[in-house]
Amino acid sequence: MSLLSQPVTFPHSGLTAPTPTLKSAMTERLCTYDAENLDERGKVTPEYIKLYEEWGKGAIGVIVLGNLPISRTDLEAPKNAIIDARSSWDPVPGLKRAIDVAKAHGSLVIGQLTHGGRQVSEENPVSASDVQCPPMGGMTFAKPRPMTVQEIDDVVKAFGYGAKVLYDAGAHGMQAHSAHGYLLSQFLSARVNKRTDDYGGSLENRFRIVRRVFEEVRRQVPDQKFMLSIKINSADFADGGLTFEESKQACIWLDQIGLDLIELSGGSYESLAFEHKKESTKKREAFFVEFAEQIRPALKNAKLAVTGGFRTKQAMEQALKEHSCDVVGLARPLTAEPYLIREMIEGKKDAARENKAPNAVQTGTSIVQIGAIATGKPIPDLADEAVVQDVLALLQGKKPKEDKPHQEQDVKTSYEKSENKGKL
Ligand SMILES: Cc1cc2nc3c(=O)[nH]c(=O)nc-3n(C[C@H](O)[C@H](O)[C@H](O)COP(=O)(O)O)c2cc1C
């Protein structure tokens, strides 16, 4: 029997994921957005629900929704589902519909809550301090304003509110996005966080906001069956940024706080890392697997997921067999083949379909694939060079609008714009 079909039980919630796999958070850009009317941002659409219905059929152990911004004015990108208490409408019913279909076949469903901090296109961003994110691939970022302690308190409460909404909508848990250079990751990084108060300086201080987020989530959702999770960088790969040793210490604290699941990733807009940073990991596919191997023995209870790079059943099974991690995370392969994990378990596939798009634009091409899944159209097969050229033309705006699948207009923002710079 494939190791990919072995269930995983989480220590605190007692919840069991049917398989040791995770669909990592991917910005879907399928919800409402209005540049002027903030109240018209972030409402769930039928396309968003359809997307999660399809992933729900894929034998994925844990489906991570999102990201879901907890502030409608601090967005990584437009058109994601938003949970912001300032909105006049109730986010629960829309999310509930998506969560219900995502969990219809037994997957656990958790929502990734996020705040963009300085990595946003907005004019007046906030961050830990006033360290500006350098321009990336055509995107520029305004100099952020250091958050006041009151604003930190408000953000902490907003994460708690986000968790409460997810709970009310029937999610099994929440994930705080503390990776890839977004707000919580900015606080963790000594490169970006120059504060001299209780939230800056020592790692303990830089970690304080993260600790408070989970305390607030538990205050607003006391039910222990609601899973706590984080996505955190194994390292920032930037001078003065979060180091591996610091990340390991943070993971130990997160384990002590009572998290069920820690998902390891790496990098930020300044130093993108969805690629091999080490020659030694190439054979094993997963970019951060060596970090995971050093962190996992230090964890007493939390299960460890590692995301980034997995493409073959053999490499996924090897990581599980060697206890490098407890859960294998996938993103891009599941936009090409939403049922890939089920098909691997059933012995129908051994590897993800080849992706011939340049690495630098694969976020953009994945968002096009997400749009196709969400509208029931054929998923562009990026193993076919001609299809790649077609999708690239669409991303570059060289294809007529009527040919474009749903969702095309916003695909060139944030992740993929930065990746267009070819840094990946
Ligand atoms: C289209 C797309 C959107 C993404 N959006 C997010 C996001 O919202 N939150 C997040 O934590 N990571 C995001 N990521 C990163 C993925 O979750 C994952 O960490 C990364 O793609 C590496 O995994 P992979 O090699 O399996 O694709 C995104 C990736 C892609 C391709």
# chains A, B, ... in the order shown; residues from 1 in each chain; ligands from 1

$ closest_atom_pairs --of "chain A" --to "ligand 1" --cutoff "7 Å" --atoms "only C-alpha atoms and all ligand atoms" --output "CSV"
residue,atom,partner,partner_atom_place_in_ligand_line,distance
A:Ser24,CA,ligand 1,17 (O),4.4
A:Ala25,CA,ligand 1,9 (N),4.5
A:Met26,CA,ligand 1,5 (N),3.3
A:Thr27,CA,ligand 1,8 (O),3.9
A:Glu28,CA,ligand 1,3 (C),6.8
A:Gly66,CA,ligand 1,8 (O),5.6
A:Asn67,CA,ligand 1,8 (O),4.1
A:His177,CA,ligand 1,11 (O),5.9
A:Ala179,CA,ligand 1,11 (O),6.4
A:His180,CA,ligand 1,11 (O),6.9
A:Lys231,CA,ligand 1,11 (O),6.4
A:Ser265,CA,ligand 1,19 (O),5.9
A:Phe274,CA,ligand 1,22 (C),5.3
A:Thr307,CA,ligand 1,23 (O),5.1
A:Gly308,CA,ligand 1,23 (O),3.3
A:Gly309,CA,ligand 1,25 (O),3.8
A:Phe310,CA,ligand 1,26 (O),5.9
A:Gly329,CA,ligand 1,26 (O),6.4
A:Leu330,CA,ligand 1,26 (O),3.7
A:Ala331,CA,ligand 1,26 (O),3.7
A:Arg332,CA,ligand 1,27 (O),3.8
A:Pro333,CA,ligand 1,26 (O),6.1
A:Gln362,CA,ligand 1,31 (C),6.2
A:Thr363,CA,ligand 1,31 (C),3.9
A:Gly364,CA,ligand 1,1 (C),6.2
A:Ser366,CA,ligand 1,1 (C),4.8
A:Ile367,CA,ligand 1,1 (C),4.8
A:Tyr415,CA,ligand 1,3 (C),6.9

$ residues_around --residues "segment 119-132 of chain A" --least-positions-apart "6" --cutoff "7 Å" --atoms "only C-alpha atoms" --output "list in words"
Asp74, Leu75, Glu76, Phe141, Ala142, Lys143, Pro144, Arg145, Pro146, Met147, Tyr182, Leu183, Gln186, Phe187, Val192, Asn193, Lys194 and Arg195 of chain A

$ write_last_selection --atoms "N, CA, C and O atoms" --output "compact mmCIF listing (two decimals), in the first residue's frame"
# COMPACT_ATOMS: atom_id res chain seq x y z
N ASP A 74 -4.94 45.60 2.89
CA ASP A 74 -3.53 45.17 2.92
C ASP A 74 -3.39 43.87 2.16
O ASP A 74 -2.98 42.84 2.69
N LEU A 75 -3.73 43.93 0.87
CA LEU A 75 -3.88 42.71 0.07
C LEU A 75 -2.61 42.33 -0.67
O LEU A 75 -1.99 43.18 -1.32
N GLU A 76 -2.28 41.07 -0.62
CA GLU A 76 -1.20 40.53 -1.46
C GLU A 76 -1.57 40.73 -2.93
O GLU A 76 -0.73 41.03 -3.77
N PHE A 141 7.01 48.97 -4.34
CA PHE A 141 6.31 48.93 -3.05
C PHE A 141 6.62 50.22 -2.30
O PHE A 141 7.78 50.63 -2.22
N ALA A 142 5.59 50.83 -1.76
CA ALA A 142 5.79 52.08 -1.02
C ALA A 142 6.54 51.81 0.29
O ALA A 142 6.54 50.68 0.79
N LYS A 143 7.18 52.87 0.79
CA LYS A 143 7.88 52.73 2.07
C LYS A 143 6.83 52.52 3.16
O LYS A 143 5.88 53.31 3.28
N PRO A 144 6.97 51.46 3.93
CA PRO A 144 5.93 51.21 4.94
C PRO A 144 6.10 52.09 6.17
O PRO A 144 7.19 52.60 6.45
N ARG A 145 5.00 52.23 6.88
CA ARG A 145 5.01 52.95 8.15
C ARG A 145 5.06 51.90 9.27
O ARG A 145 4.33 50.90 9.21
N PRO A 146 5.93 52.12 10.27
CA PRO A 146 5.97 51.14 11.37
C PRO A 146 4.62 51.10 12.10
O PRO A 146 4.03 52.14 12.36
N MET A 147 4.15 49.93 12.40
CA MET A 147 2.85 49.82 13.08
C MET A 147 2.95 50.30 14.52
O MET A 147 3.95 50.04 15.21
N TYR A 182 5.49 38.15 4.05
CA TYR A 182 4.29 38.91 4.42
C TYR A 182 4.41 39.37 5.88
O TYR A 182 5.41 39.12 6.55
N LEU A 183 3.37 40.04 6.38
CA LEU A 183 3.53 40.79 7.63
C LEU A 183 4.18 40.00 8.77
O LEU A 183 5.15 40.48 9.38
N GLN A 186 7.64 39.49 8.16
CA GLN A 186 8.40 40.76 8.29
C GLN A 186 8.79 40.98 9.75
O GLN A 186 9.89 41.42 10.06
N PHE A 187 7.87 40.67 10.66
CA PHE A 187 8.19 40.83 12.08
C PHE A 187 9.30 39.86 12.50
O PHE A 187 10.17 40.19 13.29
N VAL A 192 14.07 43.23 8.34
CA VAL A 192 12.93 44.12 8.11
C VAL A 192 12.44 44.74 9.42
O VAL A 192 11.95 45.86 9.44
N ASN A 193 12.58 44.01 10.49
CA ASN A 193 12.07 44.47 11.79
C ASN A 193 13.19 45.17 12.57
O ASN A 193 14.09 44.53 13.08
N LYS A 194 13.10 46.49 12.62
CA LYS A 194 14.13 47.28 13.33
C LYS A 194 13.55 47.88 14.61
O LYS A 194 14.08 48.86 15.14
N ARG A 195 12.47 47.35 15.09
CA ARG A 195 11.80 47.93 16.26
C ARG A 195 12.68 47.82 17.50
O ARG A 195 13.48 46.89 17.62

$ closest_residue --among "A:Leu394, A:Val210, A:Ile341, A:Ala85" --to "Leu254 of chain A" --atoms "only C-alpha atoms"
A:Val210

$ atom_distance --atom1 "atom CA of Cys325 of chain A" --atom2 "atom CA of Leu299 of chain A"
11.0 Å

$ select_by_dssp --residues "segment 61-158 of chain A" --states "strand (DSSP E or B)" --output "PDB file with all heavy atoms, in the first residue's frame"
ATOM      1  N   VAL A  62      -5.000  17.524   3.685  1.00  0.00           N
ATOM      2  CA  VAL A  62      -5.368  18.836   4.224  1.00  0.00           C
ATOM      3  C   VAL A  62      -5.431  19.820   3.059  1.00  0.00           C
ATOM      4  O   VAL A  62      -4.439  20.026   2.359  1.00  0.00           O
ATOM      5  CB  VAL A  62      -4.334  19.346   5.255  1.00  0.00           C
ATOM      6  CG1 VAL A  62      -4.762  20.709   5.811  1.00  0.00           C
ATOM      7  CG2 VAL A  62      -4.136  18.344   6.392  1.00  0.00           C
ATOM      8  N   ILE A  63      -6.594  20.411   2.875  1.00  0.00           N
ATOM      9  CA  ILE A  63      -6.739  21.450   1.847  1.00  0.00           C
ATOM     10  C   ILE A  63      -6.625  22.798   2.551  1.00  0.00           C
ATOM     11  O   ILE A  63      -7.392  23.090   3.470  1.00  0.00           O
ATOM     12  CB  ILE A  63      -8.103  21.330   1.142  1.00  0.00           C
ATOM     13  CG1 ILE A  63      -8.184  20.010   0.376  1.00  0.00           C
ATOM     14  CG2 ILE A  63      -8.341  22.516   0.211  1.00  0.00           C
ATOM     15  CD1 ILE A  63      -9.525  19.754  -0.303  1.00  0.00           C
ATOM     16  N   VAL A  64      -5.659  23.601   2.122  1.00  0.00           N
ATOM     17  CA  VAL A  64      -5.508  24.930   2.718  1.00  0.00           C
ATOM     18  C   VAL A  64      -6.168  25.946   1.786  1.00  0.00           C
ATOM     19  O   VAL A  64      -5.762  26.103   0.631  1.00  0.00           O
ATOM     20  CB  VAL A  64      -4.028  25.305   2.938  1.00  0.00           C
ATOM     21  CG1 VAL A  64      -3.940  26.623   3.717  1.00  0.00           C
ATOM     22  CG2 VAL A  64      -3.281  24.200   3.672  1.00  0.00           C
ATOM     23  N   LEU A  65      -7.187  26.617   2.281  1.00  0.00           N
ATOM     24  CA  LEU A  65      -7.860  27.662   1.496  1.00  0.00           C
ATOM     25  C   LEU A  65      -7.008  28.915   1.481  1.00  0.00           C
ATOM     26  O   LEU A  65      -6.464  29.305   2.502  1.00  0.00           O
ATOM     27  CB  LEU A  65      -9.173  28.089   2.149  1.00  0.00           C
ATOM     28  CG  LEU A  65     -10.285  27.122   2.451  1.00  0.00           C
ATOM     29  CD1 LEU A  65     -11.412  27.894   3.133  1.00  0.00           C
ATOM     30  CD2 LEU A  65     -10.799  26.482   1.188  1.00  0.00           C
ATOM     31  N   GLY A  66      -7.017  29.579   0.344  1.00  0.00           N
ATOM     32  CA  GLY A  66      -6.471  30.941   0.404  1.00  0.00           C
ATOM     33  C   GLY A  66      -5.164  31.143  -0.324  1.00  0.00           C
ATOM     34  O   GLY A  66      -4.776  30.301  -1.109  1.00  0.00           O
ATOM     35  N   ASN A  67      -4.585  32.402  -0.058  1.00  0.00           N
ATOM     36  CA  ASN A  67      -4.701  33.091   1.218  1.00  0.00           C
ATOM     37  C   ASN A  67      -5.976  33.914   1.373  1.00  0.00           C
ATOM     38  O   ASN A  67      -6.549  34.373   0.388  1.00  0.00           O
ATOM     39  CB  ASN A  67      -3.487  33.996   1.421  1.00  0.00           C
ATOM     40  CG  ASN A  67      -3.348  35.113   0.385  1.00  0.00           C
ATOM     41  OD1 ASN A  67      -4.150  36.029   0.382  1.00  0.00           O
ATOM     42  ND2 ASN A  67      -2.365  35.049  -0.503  1.00  0.00           N
ATOM     43  N   LEU A  68      -6.353  34.120   2.625  1.00  0.00           N
ATOM     44  CA  LEU A  68      -7.531  34.909   2.975  1.00  0.00           C
ATOM     45  C   LEU A  68      -7.050  36.147   3.740  1.00  0.00           C
ATOM     46  O   LEU A  68      -6.685  36.041   4.910  1.00  0.00           O
ATOM     47  CB  LEU A  68      -8.442  34.083   3.883  1.00  0.00           C
ATOM     48  CG  LEU A  68      -8.987  32.766   3.332  1.00  0.00           C
ATOM     49  CD1 LEU A  68      -9.334  31.807   4.453  1.00  0.00           C
ATOM     50  CD2 LEU A  68     -10.208  33.031   2.486  1.00  0.00           C
ATOM     51  N   PRO A  69      -7.018  37.305   3.089  1.00  0.00           N
ATOM     52  CA  PRO A  69      -6.551  38.492   3.802  1.00  0.00           C
ATOM     53  C   PRO A  69      -7.453  38.828   4.991  1.00  0.00           C
ATOM     54  O   PRO A  69      -8.680  38.722   4.896  1.00  0.00           O
ATOM     55  CB  PRO A  69      -6.625  39.599   2.746  1.00  0.00           C
ATOM     56  CG  PRO A  69      -6.610  38.879   1.432  1.00  0.00           C
ATOM     57  CD  PRO A  69      -7.293  37.570   1.676  1.00  0.00           C
ATOM     58  N   LEU A 108      -9.413  17.301   5.348  1.00  0.00           N
ATOM     59  CA  LEU A 108      -9.491  18.377   6.340  1.00  0.00           C
ATOM     60  C   LEU A 108      -9.330  19.688   5.583  1.00  0.00           C
ATOM     61  O   LEU A 108      -8.570  19.759   4.610  1.00  0.00           O
ATOM     62  CB  LEU A 108      -8.393  18.243   7.389  1.00  0.00           C
ATOM     63  CG  LEU A 108      -8.413  16.972   8.256  1.00  0.00           C
ATOM     64  CD1 LEU A 108      -7.291  17.023   9.299  1.00  0.00           C
ATOM     65  CD2 LEU A 108      -9.768  16.795   8.949  1.00  0.00           C
ATOM     66  N   VAL A 109     -10.020  20.723   6.047  1.00  0.00           N
ATOM     67  CA  VAL A 109      -9.964  22.015   5.354  1.00  0.00           C
ATOM     68  C   VAL A 109      -9.616  23.102   6.363  1.00  0.00           C
ATOM     69  O   VAL A 109     -10.307  23.274   7.373  1.00  0.00           O
ATOM     70  CB  VAL A 109     -11.320  22.334   4.677  1.00  0.00           C
ATOM     71  CG1 VAL A 109     -11.260  23.691   3.993  1.00  0.00           C
ATOM     72  CG2 VAL A 109     -11.676  21.252   3.659  1.00  0.00           C
ATOM     73  N   ILE A 110      -8.508  23.787   6.103  1.00  0.00           N
ATOM     74  CA  ILE A 110      -8.115  24.896   6.975  1.00  0.00           C
ATOM     75  C   ILE A 110      -7.925  26.143   6.096  1.00  0.00           C
ATOM     76  O   ILE A 110      -7.727  26.031   4.889  1.00  0.00           O
ATOM     77  CB  ILE A 110      -6.831  24.582   7.792  1.00  0.00           C
ATOM     78  CG1 ILE A 110      -5.603  24.443   6.894  1.00  0.00           C
ATOM     79  CG2 ILE A 110      -7.009  23.297   8.603  1.00  0.00           C
ATOM     80  CD1 ILE A 110      -4.284  24.239   7.670  1.00  0.00           C
ATOM     81  N   GLY A 111      -8.034  27.318   6.695  1.00  0.00           N
ATOM     82  CA  GLY A 111      -7.922  28.547   5.909  1.00  0.00           C
ATOM     83  C   GLY A 111      -6.648  29.299   6.252  1.00  0.00           C
ATOM     84  O   GLY A 111      -6.319  29.468   7.431  1.00  0.00           O
ATOM     85  N   GLN A 112      -5.946  29.743   5.215  1.00  0.00           N
ATOM     86  CA  GLN A 112      -4.714  30.518   5.466  1.00  0.00           C
ATOM     87  C   GLN A 112      -5.076  31.997   5.620  1.00  0.00           C
ATOM     88  O   GLN A 112      -5.567  32.628   4.689  1.00  0.00           O
ATOM     89  CB  GLN A 112      -3.719  30.367   4.316  1.00  0.00           C
ATOM     90  CG  GLN A 112      -2.412  31.105   4.619  1.00  0.00           C
ATOM     91  CD  GLN A 112      -1.404  31.089   3.486  1.00  0.00           C
ATOM     92  OE1 GLN A 112      -1.665  31.634   2.415  1.00  0.00           O
ATOM     93  NE2 GLN A 112      -0.264  30.477   3.715  1.00  0.00           N
ATOM     94  N   LEU A 113      -4.801  32.531   6.799  1.00  0.00           N
ATOM     95  CA  LEU A 113      -5.072  33.942   7.076  1.00  0.00           C
ATOM     96  C   LEU A 113      -3.800  34.736   6.849  1.00  0.00           C
ATOM     97  O   LEU A 113      -2.710  34.319   7.264  1.00  0.00           O
ATOM     98  CB  LEU A 113      -5.549  34.096   8.523  1.00  0.00           C
ATOM     99  CG  LEU A 113      -6.832  33.312   8.851  1.00  0.00           C
ATOM    100  CD1 LEU A 113      -7.138  33.380  10.342  1.00  0.00           C
ATOM    101  CD2 LEU A 113      -8.014  33.840   8.032  1.00  0.00           C
ATOM    102  N   THR A 114      -3.951  35.892   6.188  1.00  0.00           N
ATOM    103  CA  THR A 114      -2.739  36.612   5.809  1.00  0.00           C
ATOM    104  C   THR A 114      -2.918  38.119   5.906  1.00  0.00           C
ATOM    105  O   THR A 114      -4.036  38.639   5.818  1.00  0.00           O
ATOM    106  CB  THR A 114      -2.328  36.204   4.375  1.00  0.00           C
ATOM    107  OG1 THR A 114      -1.083  36.801   4.069  1.00  0.00           O
ATOM    108  CG2 THR A 114      -3.310  36.666   3.335  1.00  0.00           C
ATOM    109  N   VAL A 126       1.777  49.236   5.955  1.00  0.00           N
ATOM    110  CA  VAL A 126       2.366  49.181   7.298  1.00  0.00           C
ATOM    111  C   VAL A 126       3.268  47.955   7.371  1.00  0.00           C
ATOM    112  O   VAL A 126       3.131  47.019   6.595  1.00  0.00           O
ATOM    113  CB  VAL A 126       1.283  49.091   8.395  1.00  0.00           C
ATOM    114  CG1 VAL A 126       0.482  50.380   8.491  1.00  0.00           C
ATOM    115  CG2 VAL A 126       0.370  47.895   8.173  1.00  0.00           C
ATOM    116  N   SER A 127       4.197  48.001   8.315  1.00  0.00           N
ATOM    117  CA  SER A 127       5.087  46.858   8.513  1.00  0.00           C
ATOM    118  C   SER A 127       5.618  46.937   9.945  1.00  0.00           C
ATOM    119  O   SER A 127       5.196  47.787  10.732  1.00  0.00           O
ATOM    120  CB  SER A 127       6.232  46.904   7.491  1.00  0.00           C
ATOM    121  OG  SER A 127       7.102  45.803   7.654  1.00  0.00           O
ATOM    122  N   MET A 136      10.391  44.810  -7.598  1.00  0.00           N
ATOM    123  CA  MET A 136      10.536  43.441  -8.087  1.00  0.00           C
ATOM    124  C   MET A 136       9.746  43.279  -9.360  1.00  0.00           C
ATOM    125  O   MET A 136       8.529  43.515  -9.353  1.00  0.00           O
ATOM    126  CB  MET A 136       9.952  42.465  -7.061  1.00  0.00           C
ATOM    127  CG  MET A 136      10.799  42.241  -5.856  1.00  0.00           C
ATOM    128  SD  MET A 136      12.277  41.349  -6.272  1.00  0.00           S
ATOM    129  CE  MET A 136      11.591  39.781  -6.754  1.00  0.00           C
ATOM    130  N   MET A 139       7.077  45.594 -10.256  1.00  0.00           N
ATOM    131  CA  MET A 139       6.261  46.061  -9.118  1.00  0.00           C
ATOM    132  C   MET A 139       7.100  46.943  -8.231  1.00  0.00           C
ATOM    133  O   MET A 139       8.282  46.668  -7.994  1.00  0.00           O
ATOM    134  CB  MET A 139       5.841  44.878  -8.251  1.00  0.00           C
ATOM    135  CG  MET A 139       4.711  44.090  -8.751  1.00  0.00           C
ATOM    136  SD  MET A 139       4.445  42.739  -7.608  1.00  0.00           S
ATOM    137  CE  MET A 139       3.270  43.464  -6.505  1.00  0.00           C
ATOM    138  N   ARG A 145       5.000  52.229   6.879  1.00  0.00           N
ATOM    139  CA  ARG A 145       5.011  52.950   8.152  1.00  0.00           C
ATOM    140  C   ARG A 145       5.061  51.901   9.273  1.00  0.00           C
ATOM    141  O   ARG A 145       4.330  50.904   9.206  1.00  0.00           O
ATOM    142  CB  ARG A 145       3.718  53.764   8.221  1.00  0.00           C
ATOM    143  CG  ARG A 145       3.503  54.577   9.456  1.00  0.00           C
ATOM    144  CD  ARG A 145       2.240  55.409   9.305  1.00  0.00           C
ATOM    145  NE  ARG A 145       1.021  54.643   9.056  1.00  0.00           N
ATOM    146  CZ  ARG A 145       0.394  53.902   9.957  1.00  0.00           C
ATOM    147  NH1 ARG A 145       0.869  53.807  11.188  1.00  0.00           N
ATOM    148  NH2 ARG A 145      -0.713  53.259   9.651  1.00  0.00           N
ATOM    149  N   PRO A 146       5.928  52.120  10.273  1.00  0.00           N
ATOM    150  CA  PRO A 146       5.970  51.137  11.375  1.00  0.00           C
ATOM    151  C   PRO A 146       4.622  51.100  12.100  1.00  0.00           C
ATOM    152  O   PRO A 146       4.025  52.143  12.357  1.00  0.00           O
ATOM    153  CB  PRO A 146       7.058  51.672  12.312  1.00  0.00           C
ATOM    154  CG  PRO A 146       7.792  52.718  11.554  1.00  0.00           C
ATOM    155  CD  PRO A 146       6.877  53.235  10.490  1.00  0.00           C
TER     156      PRO A 146
END

$ residues_around --residues "Ile209 of chain A" --least-positions-apart "3" --cutoff "7 Å" --atoms "only C-alpha atoms" --output "list in words"
Tyr199, Arg212 and Val213 of chain A

$ closest_residue --among "A:Thr73, A:Gln294, A:Ser107, A:Ser234" --to "His323 of chain A" --atoms "only C-alpha atoms"
A:Gln294

$ residues_around --residues "Gly56 of chain A" --least-positions-apart "6" --cutoff "9 Å" --atoms "only C-alpha atoms" --output "PDB file with N, CA and C atoms, in the first residue's frame"
ATOM      1  N   ILE A  63      -6.594  20.411   2.875  1.00  0.00           N
ATOM      2  CA  ILE A  63      -6.739  21.450   1.847  1.00  0.00           C
ATOM      3  C   ILE A  63      -6.625  22.798   2.551  1.00  0.00           C
ATOM      4  N   VAL A 101     -17.966  21.856   0.312  1.00  0.00           N
ATOM      5  CA  VAL A 101     -17.657  21.004  -0.855  1.00  0.00           C
ATOM      6  C   VAL A 101     -16.212  20.509  -0.783  1.00  0.00           C
ATOM      7  N   ALA A 102     -15.329  21.308  -0.195  1.00  0.00           N
ATOM      8  CA  ALA A 102     -13.928  20.874  -0.095  1.00  0.00           C
ATOM      9  C   ALA A 102     -13.779  19.685   0.846  1.00  0.00           C
ATOM     10  N   LYS A 103     -14.631  19.628   1.869  1.00  0.00           N
ATOM     11  CA  LYS A 103     -14.482  18.522   2.822  1.00  0.00           C
ATOM     12  C   LYS A 103     -15.459  17.365   2.550  1.00  0.00           C
ATOM     13  N   ALA A 104     -16.182  17.453   1.452  1.00  0.00           N
ATOM     14  CA  ALA A 104     -17.231  16.459   1.167  1.00  0.00           C
ATOM     15  C   ALA A 104     -16.708  15.028   1.082  1.00  0.00           C
ATOM     16  N   HIS A 105     -15.438  14.860   0.711  1.00  0.00           N
ATOM     17  CA  HIS A 105     -14.909  13.495   0.549  1.00  0.00           C
ATOM     18  C   HIS A 105     -13.888  13.147   1.627  1.00  0.00           C
ATOM     19  N   GLY A 106     -13.869  13.908   2.714  1.00  0.00           N
ATOM     20  CA  GLY A 106     -13.036  13.525   3.858  1.00  0.00           C
ATOM     21  C   GLY A 106     -11.788  14.348   4.100  1.00  0.00           C
ATOM     22  N   SER A 107     -11.446  15.265   3.190  1.00  0.00           N
ATOM     23  CA  SER A 107     -10.249  16.090   3.432  1.00  0.00           C
ATOM     24  C   SER A 107     -10.496  17.004   4.628  1.00  0.00           C
ATOM     25  N   PRO A 338      -5.776  18.417 -10.497  1.00  0.00           N
ATOM     26  CA  PRO A 338      -6.360  18.532  -9.154  1.00  0.00           C
ATOM     27  C   PRO A 338      -6.514  17.197  -8.425  1.00  0.00           C
ATOM     28  N   TYR A 339      -6.569  16.086  -9.181  1.00  0.00           N
ATOM     29  CA  TYR A 339      -6.758  14.777  -8.540  1.00  0.00           C
ATOM     30  C   TYR A 339      -5.447  13.984  -8.493  1.00  0.00           C
TER      31      TYR A 339
END

$ atom_distance --atom1 "atom CA of His115 of chain A" --atom2 "atom CA of Lys157 of chain A"
12.3 Å

$ atom_distance --atom1 "atom CA of Ala235 of chain A" --atom2 "atom CA of Glu317 of chain A"
24.3 Å

$ closest_residue --among "A:Leu392, A:Ile82, A:Leu261, A:Ala158" --to "Pro20 of chain A" --atoms "only C-alpha atoms"
A:Leu261
